[in-house]
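Everything on this sheet refers to the single structure shown next.
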Amino acid sequence: MKKRTLYILMSSIVVLTSIFFVAVYFLGLNNELEKVANIPDKNSEPVFDYLINGDFSNPLNKPMDVAKIGEFLYVTDTNNKQVQVFDVSGSTFFRFGKEGEGEGDFRFPYGIAGDEKENVYIADLYTGKISIFDSKGKFIKYFEEQDKNNKVIEAPAGLRITNNKLYVTDIKKSSVYIFSLDGKKELEISQGQNKDDRMAAPNAIALDDNKNIYVSDSGNQRVLKFDKEGKYLATINGSSDGNGQSTFVNPRGVGVDSRGILYVVNNLASSVSGFDKDGKKIFEFGTMGEENNQFYLPNGLNIDENGLIYITDTVNQRIAVYN
Amino acid sequence: MSKVKLSFSFLLTLLLVGMFSVVAFAAAPSAPSVKYFDWKNGNIHVGWTWTAASGGATNVTYKIFVDGDTAGIDVPVASGNSYVATGLTSTDNHTFQVAATTTDGISGKSTLVTVVPEKANNEAMVGLDGKPIPEGEVDNGINNAHKTGVGQVVKNPGNQLDNAGKIGAHKLHGSYQNNTNSCASCHQTHTAASSGLLFKNGAYNTCTACHDGTLGFYNVFGTSNAEDMGAGTFGGTHDGNMSVHMATGALEISAAPGSNAKVGTTWSAEFTCASCHDPHGSYSDRLLSVNPNGMATVERKSVNSTVYGNKLMEVSVYETMPTANISATNLNDYAFKDITISAADIAAPVFDTATPPKIITPAGYYYNTGLKVGDRVLQLQRYIGSWQNAPGVYLTKQGINNTSYWPKLYKDTTLVWPPAVPTSEPGKTTVANANKQDATDGKYWFNNSKAFYKVPGTKGDGTINKITEVQKAYVVQLGYLPSGQNKLGGVVNPAANGYQPLVTDNNYLTTTGKGIQMNEWCGACHVDYFTRTKTNTGVDGNYNHHTMSDSYNCERCHYAHGTDAKIMRDAQGSTLEDLTATGGKFVGNQVKAIEYLKDQNDSSALKRFTNMAVCYGCHTSSHAEGFINNNEYNTTDSNNGFQSGSVTKGQKLIPWGN
């Protein structure tokens with residue numbers, strides 16, 4: 001083989017490979033690609049990875065929820081009435097928001113989610129507003145419902161954005177609403193099995209790969225599972241069939257990983273439970289305390305595209321990261 | 001064929017491309033992955049997968065590492081990718097790791113998995129009576145959070161109503177279960193940082209995990225009059241010149257203003273939510289503490305014009321209750337009534353047939369106490385407008401069959417039933433007093449929740465004059481009434497939700513029989529402030545605003561939790577909502593209205609009214625001189641600081657000379 005041919009072959013490989021990865025990066029296709037199968041043990045519990053404590057001079061105070069949007073972690077630093085932004089290694093980048101009721105202010109920043117443009121949506125439980133910021137923390141606007149005469153959001157808590165849809169739980173309304181991002185209400189869920197089976201203070205919401213909806217029905221000590229049309233599928237509460245006595249004590253953040261395992265934060269028990277697709281509990285980790293692998297009133301839970309699990313630990317003022 | 005030269009750059013490129021390829025296509029894992037592990041028929045079944053690395057090393061055997069064993073157990077490839085571990089104790093956790101041994105050597109170990117013991121299905125909660133608790137009746141849906149102890153303290157025994165006007169509140173923190181699993185929500189058994197096995201500074205954080213609005217009820221941080229602002233807010237802002245009872249544990253109780261006398265017993269304790277609220281139940285509305293600042297064990301005294309403490313001494317016993325000159329300041333508002341139990345006293349409640357059943361006739365006061373018709377009982381009563389049964393005794397000893405407390409009974413000056421040491425008292429094997437038989441199990445006992453003493457024999461056996469030492473639990477009835485009526489009192493305008501005073505015949509604002517309970521309770525820490533002064537000094541020698549009456553209860557001027565401009569009122573009783581509404585002083589101008597309502601003093605002092613409107617709201621005339629040029633106020637249109645309909649318009653509330 002001629003040397004020249006070999007060089008051409010090899011440089012083509014290099015150039016093509018580079019073009020591919022550069023294209024993926026700049027066109028934002030990283031979420032579209034089929035991932036190299038992450039084949040962890042089917043039912044194994046996640047392993048504690050590290051803690052994000054934030055900046056020493058600006059510690060978190062009651063971090064209620066967390067979301068990875070773009071390359072950064074956005075945390076609702078609720079008692080400080082602000083949002084803190086970290087890189088995934090836990091270095092503080094910047095903060096935004098202050099106490100108040102003006103644009104960009106918060107009274108009880110709670111649920112947090114990002115859209116495809118990496119805009120940051122933050123629910124304020126007390127003011128009843130969902131604020132939209134750009135990824136740098138600049139206030140853009142409030143989320144406006146299209147039907148201005150029949151606004152439904154009163155006390156928004158959990159937020160998720162998937163496929164340009166906003167999923168929001170409302171604590172006072174004890175309902176879940178699904179909006180298009182331009183504010184059109186598409187679905188409302190407020191009951192479990194039947195109309196007498198009302199939700200009570202749902203605090204968090206999550207979706208799995210099949211777009212099934214999981215709602216942390218905190219006041220009823222359970223998680224409800226619905227299909228994407230809002231049809232009731234199952235109740236998960238730690239008992240064998242979901243009908244027995246709940247083992248949750250104030251369930252909060254929920255998330256589903258790529259294996260289909262449902263994670264539920266058990267706030268007052270300071271633990272996180274994992275359930276398989278049949279609603280059977282397969283593990284539980286975390287106890288009350290300050291060490292690694294311990295929590296003190298954990299609340300929010302979010303799983304990023306790499307399968308990292310972020311859990312806000314409100315009293316320990318930190319984010320625990322599990323892998 | 002020419003000789004191929006391999007340059008350095010070629011090798012480097014090859015290396016880089018190779019690395020890229022590795023990243024892109026991901027190498028096969030070298031360690032096995034555990035796929036499942038579970039208990040089956042008393043043994044643990046473990047299964048795994050393993051992908052042989054390219055290159056063709058032959059798999060010889062797998063190794064299983066159980067419970068940290070380093071040698072490992074060999075499992076032949078032929079037996080498949082699974083293993084059954086036998087002989088392991090089914091009550092312990094067990095750990096497993098798997099490695100593959102090949103002709104190239106041994107692989108890394110798989111991720112450690114832990115198999116927890118098999119558990120029986122979580123059974124339905126069973127009540128103290130052994131019967132399953134129907135769905136929906138379990139603690140307001142909360143699975144036993146905050147539950148410890150059983151039945152030591154009962155819920156408020158009256159027909160208490162919650163905000164929705166439903167009878168039977170306190171479910172959340174009551175109804176303890178025998179199989180509770182949630183004590184650890186608040187307590188650490190072996191590693192607690194605070195006394196009482198509590199987490200350090202745990203109360204504030206634990207309480208606000210739910211009471212921050214995330215469960216949709218009793219949000220202690222709300223700042224809108226539309227919400228229930230009966231106790232004010234912990235969620236005020238700097239802009240609203242907020243002030244709060246600093247309940248985070250950062251302060252000691254001794255920081256309480258008016259605590260100069262230091263007669264309580266827990267002054268050095270951290271001030272937290274639990275200083276004022278008993279999460280396990282109380283005799284009071286809103287779970288207010290039965291023993292604030294330890295004052296239930298401090299002798300009730302009248303010093304100067306202040307009364308403090310709640311350990312009642314030398315309590316009289318009557319067959320016919322007196323009516324003259326009964327007052328707290330005379331310390332004669334508590335007495336025992338000598339009664340004989342009738343059939344009605346122990347009657348069971350009567351229900352209708354609806355589902356769920358509703359009570360038609362409530363139970364007799366002594367229902368379920370074990371008393372029988374004809375039994376002789378000394379019942380503690382308090383004069384609250386009339387003589388009423390006074391439940392709740394603070395316990396220092398635990399005994400048998402609810403025999404929790406042994407007061408001394410006197411017949412004239414002779415001790416007839418002494419403070420016998422209960423035979424079951426821990427650590428005491430001998431009984432000092434020869435009369436111990438009088439405290440026989442189940443026979444002559446003091447019921448702590450209903451505060452009665454069962455006397456042996458009948459009234460014919462002689463007169464009992466007095467009982468010494470009753471450590472009386474504090475009881476505060478906020479007088480919750482069905483929706484549309486007020487807190488801390490009787491009827492006011494339905495719009496007065498969350499608002500306090502009521503109107504009596506003479507148009508003064510009082511809360512008959514209840515205000516003074518509130519004052520005593522606040523006075524457990526703010527001792528000096530609980531006075532009937534104007535003309536007499538309190539314990540600390542100061543003159544204080546009169547607080548020793550129903551009329552002048554603390555809650556009339558102050559919020560219990562905290563205040564903020566947003567929930568304050570002006571002297572006319574106008575709120576932020578009133579001021580910004582159509583026809584208000586600042587229509588639509590929230591900013592100006594807040595500025596108007598913002599307290600200008602260094603501390604807004606938890607006041608319900610801004611600035612000194614807290615005075616002016618009531619004192620629309622002066623003891624010194626009549627107000628002049630007072631056209632802004634006290635006209636025939638004025639509600640004198642209170643809700644429309646709750647007062648006669650233009651009425652001078654605290655008239656000159658009174």
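Identifiers in this document derive from the order of the structure tokens: chains are assigned A, B, ..., residues are numbered from 1 separately in each chain, and ligands are numbered from 1 in order of occurrence.
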6 Å contact set for segment 295-300 of chain B, only C-alpha atoms, chain neighbours under 6 positions out, as a ChimeraX atom specification
/B:264,308-312,471-473,524
Residue hits in chain A, query chain B, radius 6 Å, only C-alpha atoms, as a VMD selection string
chain A and resid 41 to 42 171 to 172 201 220 239 245 249 268 to 269
From the list A:Glu116, A:Asn267, A:Glu186, A:Lys68, which residue is nearest Thr314 of chain A when using only C-alpha atoms?
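Counting only C-alpha atoms, the residue closest to Thr314 of chain A is A:Asn267.
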Atom CA of Lys211 of chain A to atom CA of Ile309 of chain A: how many Å, to one decimal?
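Separating atom CA of Lys211 of chain A from atom CA of Ile309 of chain A is a distance of 18.9 Å.
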Restricting the calculation to only C-alpha atoms, which member of B:Val470, B:Ile360, B:Cys557, B:Ala269 is positioned closest to Tyr394 of chain B?
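Result for the nearest residue to Tyr394 of chain B: B:Val470.
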Could you list, as a ChimeraX atom specification, every residue within 8 Å of Leu287 of chain B, counting only C-alpha atoms and ignoring same-chain residues fewer than 4 positions away?
/B:170,277-279,281-283
The selected residues should be written to file as a compact mmCIF listing (two decimals), in the first residue's frame (atoms: all heavy atoms).
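Final output, saved to selection.txt:
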```txt
# COMPACT_ATOMS: atom_id res chain seq x y z
N HIS B 170 -56.56 17.29 65.29
CA HIS B 170 -55.38 16.68 65.93
C HIS B 170 -55.14 15.26 65.49
O HIS B 170 -54.41 14.55 66.11
CB HIS B 170 -55.51 16.67 67.47
CG HIS B 170 -55.40 18.03 68.05
ND1 HIS B 170 -55.23 18.25 69.37
CD2 HIS B 170 -55.40 19.23 67.47
CE1 HIS B 170 -55.17 19.55 69.59
NE2 HIS B 170 -55.28 20.16 68.44
N HIS B 277 -45.66 23.95 71.19
CA HIS B 277 -46.57 22.93 70.69
C HIS B 277 -46.10 21.54 71.10
O HIS B 277 -44.91 21.25 71.06
CB HIS B 277 -46.66 22.98 69.16
CG HIS B 277 -47.20 24.27 68.63
ND1 HIS B 277 -48.54 24.55 68.58
CD2 HIS B 277 -46.58 25.36 68.13
CE1 HIS B 277 -48.72 25.75 68.05
NE2 HIS B 277 -47.55 26.28 67.78
N ASP B 278 -47.04 20.71 71.50
CA ASP B 278 -46.73 19.32 71.84
C ASP B 278 -47.09 18.44 70.65
O ASP B 278 -48.28 18.18 70.43
CB ASP B 278 -47.54 18.87 73.06
CG ASP B 278 -46.96 19.43 74.34
OD1 ASP B 278 -45.79 19.84 74.34
OD2 ASP B 278 -47.70 19.47 75.35
N PRO B 279 -46.12 17.98 69.90
CA PRO B 279 -46.46 17.22 68.69
C PRO B 279 -47.17 15.91 68.98
O PRO B 279 -47.81 15.35 68.12
CB PRO B 279 -45.10 16.99 68.03
CG PRO B 279 -44.11 17.11 69.13
CD PRO B 279 -44.68 18.10 70.09
N GLY B 281 -49.57 15.47 71.15
CA GLY B 281 -50.93 15.63 71.64
C GLY B 281 -50.97 16.55 72.84
O GLY B 281 -49.99 16.68 73.57
N SER B 282 -52.09 17.21 73.02
CA SER B 282 -52.23 18.07 74.19
C SER B 282 -53.71 18.20 74.51
O SER B 282 -54.55 17.67 73.80
CB SER B 282 -51.62 19.45 73.92
OG SER B 282 -52.58 20.34 73.41
N TYR B 283 -54.00 18.89 75.58
CA TYR B 283 -55.40 19.13 75.95
C TYR B 283 -55.93 20.39 75.29
O TYR B 283 -57.07 20.75 75.45
CB TYR B 283 -55.53 19.27 77.46
CG TYR B 283 -54.97 18.09 78.22
CD1 TYR B 283 -53.77 18.19 78.91
CD2 TYR B 283 -55.65 16.89 78.23
CE1 TYR B 283 -53.25 17.11 79.58
CE2 TYR B 283 -55.14 15.80 78.91
CZ TYR B 283 -53.95 15.91 79.58
OH TYR B 283 -53.44 14.84 80.24
```
Could you please write out, as a count of residues only, every residue of segment 90-215 of chain A that DSSP assigns to strand (DSSP E)?
61
Do you have the atom CA of Ser284 of chain B-atom CA of Tyr366 of chain B distance handy?
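Distance between the two atoms: 19.2 Å.
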Between atom CA of Gly18 of chain B and atom CA of Ile8 of chain A, what distance in Å does the model show, to one decimal?
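Between these atoms lies a distance of 17.0 Å.
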Give me the residues near Gly370 of chain B as an MDAnalysis selection string, where near means some atom within 9 Å (using only C-alpha atoms) and where sequence neighbours in that chain fewer than 2 positions away do not count.
chainID B and resid 346 366:368 372 442
Give the alpha helix (DSSP H) residues of segment 246-394 of chain B, as assigned by DSSP on the backbone, as number ranges by chain.
B: 273-276
Excluding same-chain residues fewer than 5 positions from Glu71 of chain A, what lies within 10 Å of it counting only C-alpha atoms, as a ChimeraX atom specification?
/A:86-88,118,135
